file structure.txt (compact mmCIF, N, CA and C atoms and all ligand atoms)
# COMPACT_ATOMS: atom_id res chain seq x y z
N MET A 1 10.58 25.60 9.15
CA MET A 1 11.82 24.99 9.60
C MET A 1 11.84 25.04 11.12
N ARG A 2 12.32 23.96 11.72
CA ARG A 2 12.48 23.91 13.17
C ARG A 2 13.95 23.73 13.49
N ILE A 3 14.41 24.45 14.49
CA ILE A 3 15.82 24.38 14.89
C ILE A 3 15.88 23.68 16.24
N PRO A 4 16.71 22.62 16.33
CA PRO A 4 16.81 21.89 17.59
C PRO A 4 17.76 22.59 18.57
N CYS A 5 17.21 23.51 19.33
CA CYS A 5 18.02 24.23 20.32
C CYS A 5 18.49 23.23 21.38
N PRO A 6 19.77 23.21 21.70
CA PRO A 6 20.27 22.25 22.70
C PRO A 6 19.73 22.52 24.11
N HIS A 7 19.19 23.72 24.34
CA HIS A 7 18.64 24.06 25.66
C HIS A 7 17.13 23.92 25.73
N CYS A 8 16.43 24.22 24.63
CA CYS A 8 14.97 24.31 24.65
C CYS A 8 14.27 23.21 23.85
N GLY A 9 15.00 22.47 23.05
CA GLY A 9 14.39 21.47 22.18
C GLY A 9 14.08 22.09 20.82
N ALA A 10 13.36 21.34 19.99
CA ALA A 10 13.05 21.80 18.64
C ALA A 10 12.06 22.96 18.71
N ARG A 11 12.42 24.08 18.08
CA ARG A 11 11.58 25.29 18.10
C ARG A 11 11.45 25.85 16.69
N ASP A 12 10.36 26.58 16.47
CA ASP A 12 10.12 27.18 15.17
C ASP A 12 11.18 28.24 14.86
N VAL A 13 11.54 28.34 13.59
CA VAL A 13 12.59 29.27 13.18
C VAL A 13 12.23 30.71 13.51
N GLN A 14 10.94 31.04 13.64
CA GLN A 14 10.53 32.41 13.96
C GLN A 14 11.01 32.86 15.34
N GLU A 15 11.41 31.91 16.18
CA GLU A 15 11.95 32.27 17.49
C GLU A 15 13.42 32.70 17.41
N PHE A 16 14.03 32.53 16.25
CA PHE A 16 15.47 32.75 16.11
C PHE A 16 15.76 33.93 15.18
N THR A 17 16.95 34.48 15.33
CA THR A 17 17.46 35.50 14.42
C THR A 17 18.74 34.96 13.79
N TYR A 18 18.80 35.11 12.46
CA TYR A 18 19.95 34.62 11.72
C TYR A 18 21.03 35.69 11.70
N LEU A 19 22.26 35.30 12.04
CA LEU A 19 23.37 36.26 11.95
C LEU A 19 24.15 36.06 10.67
N GLY A 20 24.49 34.83 10.36
CA GLY A 20 25.26 34.60 9.14
C GLY A 20 26.23 33.46 9.29
N ASP A 21 27.22 33.47 8.43
CA ASP A 21 28.23 32.43 8.33
C ASP A 21 29.02 32.33 9.64
N ALA A 22 29.07 31.13 10.21
CA ALA A 22 29.82 30.93 11.45
C ALA A 22 31.30 30.70 11.19
N GLY A 23 31.67 30.59 9.95
CA GLY A 23 33.06 30.27 9.64
C GLY A 23 33.92 31.46 9.23
N LEU A 24 33.34 32.67 9.27
CA LEU A 24 34.12 33.83 8.86
C LEU A 24 35.25 34.10 9.83
N GLN A 25 36.39 34.45 9.28
CA GLN A 25 37.54 34.82 10.10
C GLN A 25 37.84 36.30 9.85
N ARG A 26 37.75 37.11 10.89
CA ARG A 26 38.01 38.54 10.74
C ARG A 26 39.50 38.76 10.48
N PRO A 27 39.83 39.52 9.44
CA PRO A 27 41.24 39.82 9.18
C PRO A 27 41.80 40.69 10.30
N ASP A 28 43.10 40.64 10.48
CA ASP A 28 43.77 41.49 11.45
C ASP A 28 43.57 42.94 11.02
N GLY A 29 42.88 43.72 11.84
CA GLY A 29 42.51 45.07 11.47
C GLY A 29 43.67 45.98 11.17
N LEU A 30 44.81 45.76 11.80
CA LEU A 30 45.96 46.63 11.57
C LEU A 30 46.77 46.21 10.35
N ALA A 31 46.78 44.91 10.08
CA ALA A 31 47.61 44.41 8.98
C ALA A 31 46.81 44.12 7.72
N ALA A 32 45.48 44.06 7.82
CA ALA A 32 44.66 43.66 6.68
C ALA A 32 44.63 44.74 5.60
N THR A 33 44.53 44.29 4.39
CA THR A 33 44.38 45.24 3.28
C THR A 33 42.93 45.71 3.24
N GLU A 34 42.71 46.81 2.53
CA GLU A 34 41.36 47.32 2.37
C GLU A 34 40.48 46.29 1.65
N ALA A 35 41.05 45.62 0.67
CA ALA A 35 40.30 44.60 -0.08
C ALA A 35 39.91 43.43 0.82
N ALA A 36 40.79 43.03 1.73
CA ALA A 36 40.48 41.92 2.64
C ALA A 36 39.35 42.31 3.59
N MET A 37 39.37 43.55 4.08
CA MET A 37 38.29 44.01 4.97
C MET A 37 36.97 44.14 4.21
N PHE A 38 37.04 44.61 2.97
CA PHE A 38 35.83 44.72 2.15
C PHE A 38 35.21 43.33 1.96
N ASP A 39 36.05 42.36 1.63
CA ASP A 39 35.56 40.98 1.46
C ASP A 39 34.91 40.48 2.74
N TYR A 40 35.55 40.72 3.88
CA TYR A 40 35.04 40.24 5.15
C TYR A 40 33.69 40.87 5.50
N VAL A 41 33.55 42.15 5.24
CA VAL A 41 32.33 42.86 5.63
C VAL A 41 31.18 42.64 4.65
N TYR A 42 31.49 42.62 3.33
CA TYR A 42 30.41 42.68 2.35
C TYR A 42 30.20 41.43 1.50
N LEU A 43 31.22 40.63 1.29
CA LEU A 43 31.09 39.55 0.31
C LEU A 43 30.84 38.20 0.99
N ARG A 44 29.86 37.48 0.48
CA ARG A 44 29.55 36.15 1.00
C ARG A 44 29.39 35.19 -0.17
N ASP A 45 29.79 33.94 0.07
CA ASP A 45 29.55 32.90 -0.92
C ASP A 45 28.09 32.46 -0.80
N ASN A 46 27.51 32.07 -1.92
CA ASN A 46 26.15 31.55 -1.92
C ASN A 46 26.25 30.04 -2.06
N LEU A 47 26.49 29.40 -0.93
CA LEU A 47 26.80 27.98 -0.93
C LEU A 47 25.57 27.12 -1.16
N ARG A 48 25.81 25.96 -1.77
CA ARG A 48 24.77 24.94 -1.91
C ARG A 48 25.30 23.71 -1.20
N GLY A 49 24.66 23.38 -0.09
CA GLY A 49 25.12 22.23 0.70
C GLY A 49 25.17 22.57 2.17
N LEU A 50 25.92 21.78 2.92
CA LEU A 50 26.01 22.02 4.36
C LEU A 50 26.75 23.32 4.64
N HIS A 51 26.19 24.09 5.56
CA HIS A 51 26.73 25.40 5.89
C HIS A 51 26.59 25.61 7.38
N GLU A 52 27.63 26.11 8.03
CA GLU A 52 27.54 26.39 9.45
C GLU A 52 27.18 27.86 9.65
N GLU A 53 26.13 28.09 10.41
CA GLU A 53 25.57 29.44 10.58
C GLU A 53 25.38 29.77 12.05
N LEU A 54 25.35 31.05 12.34
CA LEU A 54 25.06 31.51 13.70
C LEU A 54 23.60 31.95 13.78
N TRP A 55 22.91 31.44 14.79
CA TRP A 55 21.51 31.79 15.04
C TRP A 55 21.38 32.17 16.51
N TYR A 56 20.54 33.18 16.78
CA TYR A 56 20.29 33.65 18.14
C TYR A 56 18.87 33.26 18.55
N HIS A 57 18.73 32.58 19.68
CA HIS A 57 17.41 32.15 20.13
C HIS A 57 16.80 33.23 21.03
N GLY A 58 16.35 34.30 20.41
CA GLY A 58 15.84 35.46 21.12
C GLY A 58 14.52 35.25 21.82
N ALA A 59 13.68 34.34 21.32
CA ALA A 59 12.38 34.08 21.95
C ALA A 59 12.44 32.84 22.83
N GLY A 60 13.65 32.44 23.17
CA GLY A 60 13.82 31.26 24.01
C GLY A 60 14.89 31.51 25.05
N CYS A 61 15.97 30.78 24.95
CA CYS A 61 17.00 30.80 25.99
C CYS A 61 18.04 31.92 25.80
N HIS A 62 17.92 32.71 24.74
CA HIS A 62 18.85 33.82 24.46
C HIS A 62 20.27 33.33 24.22
N ALA A 63 20.41 32.14 23.72
CA ALA A 63 21.74 31.59 23.44
C ALA A 63 22.06 31.75 21.95
N TRP A 64 23.34 31.91 21.67
CA TRP A 64 23.83 31.87 20.29
C TRP A 64 24.14 30.42 19.96
N LEU A 65 23.68 29.99 18.79
CA LEU A 65 23.89 28.61 18.37
C LEU A 65 24.68 28.57 17.08
N ALA A 66 25.50 27.54 16.94
CA ALA A 66 26.16 27.23 15.67
C ALA A 66 25.36 26.08 15.06
N VAL A 67 24.70 26.35 13.95
CA VAL A 67 23.79 25.39 13.33
C VAL A 67 24.36 24.95 11.99
N ARG A 68 24.49 23.64 11.80
CA ARG A 68 24.91 23.11 10.50
C ARG A 68 23.64 22.76 9.72
N ARG A 69 23.39 23.52 8.64
CA ARG A 69 22.15 23.40 7.88
C ARG A 69 22.47 23.22 6.41
N HIS A 70 21.71 22.34 5.75
CA HIS A 70 21.84 22.17 4.31
C HIS A 70 21.06 23.30 3.65
N THR A 71 21.71 24.11 2.83
CA THR A 71 21.07 25.30 2.28
C THR A 71 20.03 24.97 1.22
N LEU A 72 20.06 23.79 0.68
CA LEU A 72 19.08 23.42 -0.34
C LEU A 72 17.84 22.79 0.28
N THR A 73 18.03 21.88 1.24
CA THR A 73 16.91 21.15 1.83
C THR A 73 16.46 21.74 3.18
N HIS A 74 17.28 22.58 3.78
CA HIS A 74 17.08 23.16 5.12
C HIS A 74 17.16 22.09 6.22
N ALA A 75 17.62 20.89 5.88
CA ALA A 75 17.81 19.85 6.90
C ALA A 75 18.94 20.29 7.83
N ILE A 76 18.70 20.18 9.13
CA ILE A 76 19.69 20.60 10.11
C ILE A 76 20.42 19.37 10.62
N GLU A 77 21.74 19.39 10.47
CA GLU A 77 22.58 18.27 10.89
C GLU A 77 22.92 18.37 12.38
N SER A 78 23.17 19.60 12.85
CA SER A 78 23.49 19.77 14.27
C SER A 78 23.24 21.21 14.68
N ALA A 79 23.04 21.39 15.97
CA ALA A 79 22.93 22.73 16.56
C ALA A 79 23.56 22.65 17.94
N VAL A 80 24.60 23.44 18.13
CA VAL A 80 25.33 23.43 19.40
C VAL A 80 25.50 24.87 19.89
N PRO A 81 25.71 25.05 21.19
CA PRO A 81 26.00 26.41 21.67
C PRO A 81 27.21 26.97 20.92
N ALA A 82 27.12 28.21 20.48
CA ALA A 82 28.17 28.78 19.63
C ALA A 82 29.52 28.78 20.32
N LYS A 83 29.53 29.04 21.62
CA LYS A 83 30.83 29.12 22.27
C LYS A 83 31.55 27.78 22.28
N SER A 84 30.81 26.68 22.22
CA SER A 84 31.45 25.37 22.19
C SER A 84 32.13 25.12 20.85
N ARG A 85 31.69 25.84 19.82
CA ARG A 85 32.31 25.68 18.50
C ARG A 85 33.76 26.15 18.55
N TRP A 86 34.04 27.20 19.29
CA TRP A 86 35.38 27.76 19.33
C TRP A 86 36.19 27.24 20.51
N THR A 87 35.53 26.96 21.63
CA THR A 87 36.28 26.53 22.80
C THR A 87 36.26 25.03 22.99
N GLY A 88 35.30 24.35 22.39
CA GLY A 88 35.15 22.92 22.60
C GLY A 88 34.45 22.60 23.90
N ALA A 89 34.12 23.64 24.69
CA ALA A 89 33.46 23.43 25.98
C ALA A 89 31.96 23.29 25.79
N ALA A 90 31.34 22.45 26.59
CA ALA A 90 29.89 22.34 26.59
C ALA A 90 29.33 23.53 27.35
N ALA A 91 28.20 24.05 26.90
CA ALA A 91 27.61 25.21 27.57
C ALA A 91 26.44 24.81 28.42
ZN ZN A 101 16.96 27.90 23.17
call {"tool": "encode", "arguments": {"input": "structure.txt", "output": "structure tokens", "more": "lines below"}}
Ligand SMILES: [Zn+2]
result
Amino acid sequence: MRIPCPHCGARDVQEFTYLGDAGLQRPDGLAATEAAMFDYVYLRDNLRGLHEELWYHGAGCHAWLAVRRHTLTHAIESAVPAKSRWTGAAA
């Protein structure tokens, strides 16, 4: 699999480290129930289809990327700097 890094171009997946689901929302630590924190820390859906994930380009530009990847075909729809996912700003 090759990931199209917006800074470095298409690179082999071995240059990257997978963090996980980019869509997780951390519960409010003071108000969250124990069950909500357990779900956040340990439970993940095993999705089939497009999934947004966080990848770190450790052997390249050292940027965190938000990658939209199809979990069945591994086809990558987009890869953008992770901070632009939340701020809308280009990096
Ligand atoms: Zn890169």
call {"tool": "closest_residue", "arguments": {"input": "structure.txt", "among": "A:Val67, A:Leu43, A:Ala36, A:Ile76", "to": "Met1 (chain A)", "atoms": "only C-alpha atoms"}}
result
A:Ile76
call {"tool": "select_by_dssp", "arguments": {"input": "structure.txt", "residues": "region 9-60 of chain A", "states": "strand (DSSP E)", "output": "list in words"}}
result
Gly9, Ala10, Arg11, Asp12, Thr17, Tyr18, Leu19, Gly20, Asp21, Leu50, His51, Glu52, Glu53, Leu54, Trp55 and Tyr56 of chain A
call {"tool": "atom_distance", "arguments": {"input": "structure.txt", "atom1": "atom N of Tyr18 (chain A)", "atom2": "CA of Asp39 (chain A)"}}
result
20.9 Å
call {"tool": "select_by_dssp", "arguments": {"input": "structure.txt", "residues": "chain A", "states": "helix (DSSP H, G or I)", "output": "PyMOL selection string"}}
result
chain A and resi 13-15+34-42+82-87
call {"tool": "closest_residue", "arguments": {"input": "structure.txt", "among": "A:Thr17, A:Thr33, A:Ser78, A:Thr71", "to": "His51 (chain A)", "atoms": "all atoms listed in the file"}}
result
A:Thr71
call {"tool": "residues_around", "arguments": {"input": "structure.txt", "residues": "Gly20 (chain A)", "least_positions_apart": "6", "cutoff": "7 Å", "atoms": "all atoms listed in the file", "output": "ChimeraX atom specification"}}
result
/A:52-55
call {"tool": "residues_around", "arguments": {"input": "structure.txt", "residues": "region 2-9 of chain A", "least_positions_apart": "3", "cutoff": "8 Å", "atoms": "only N, CA and C atoms", "output": "list in words"}}
result
Asp12, Val13, Gln14, His57, Gly60, Cys61, Leu65, His74, Ile76, Ser78, Ala79, Val80 and Pro81 of chain A
call {"tool": "axis_aligned_box", "arguments": {"input": "structure.txt", "around": "region 29-33 of chain A", "padding_each_side": "3 Å", "output": "JSON"}}
result
{"center_x": 45.1, "center_y": 45.1, "center_z": 7.5, "size_x": 11.1, "size_y": 9.0, "size_z": 14.6}
call {"tool": "closest_residue", "arguments": {"input": "structure.txt", "among": "A:Leu47, A:Ala59, A:Ala66, A:Ala75", "to": "ligand ZN 101 (chain A)", "atoms": "only C-alpha atoms and all ligand atoms"}}
result
A:Ala59
call {"tool": "closest_residue", "arguments": {"input": "structure.txt", "among": "A:Leu24, A:Ala63, A:Leu30, A:Leu19", "to": "ligand ZN 101 (chain A)", "atoms": "all atoms listed in the file"}}
result
A:Ala63
call {"tool": "closest_residue", "arguments": {"input": "structure.txt", "among": "A:Tyr42, A:Met37, A:Arg11, A:Gln25", "to": "ligand ZN 101 (chain A)", "atoms": "only N, CA and C atoms and all ligand atoms"}}
result
A:Arg11
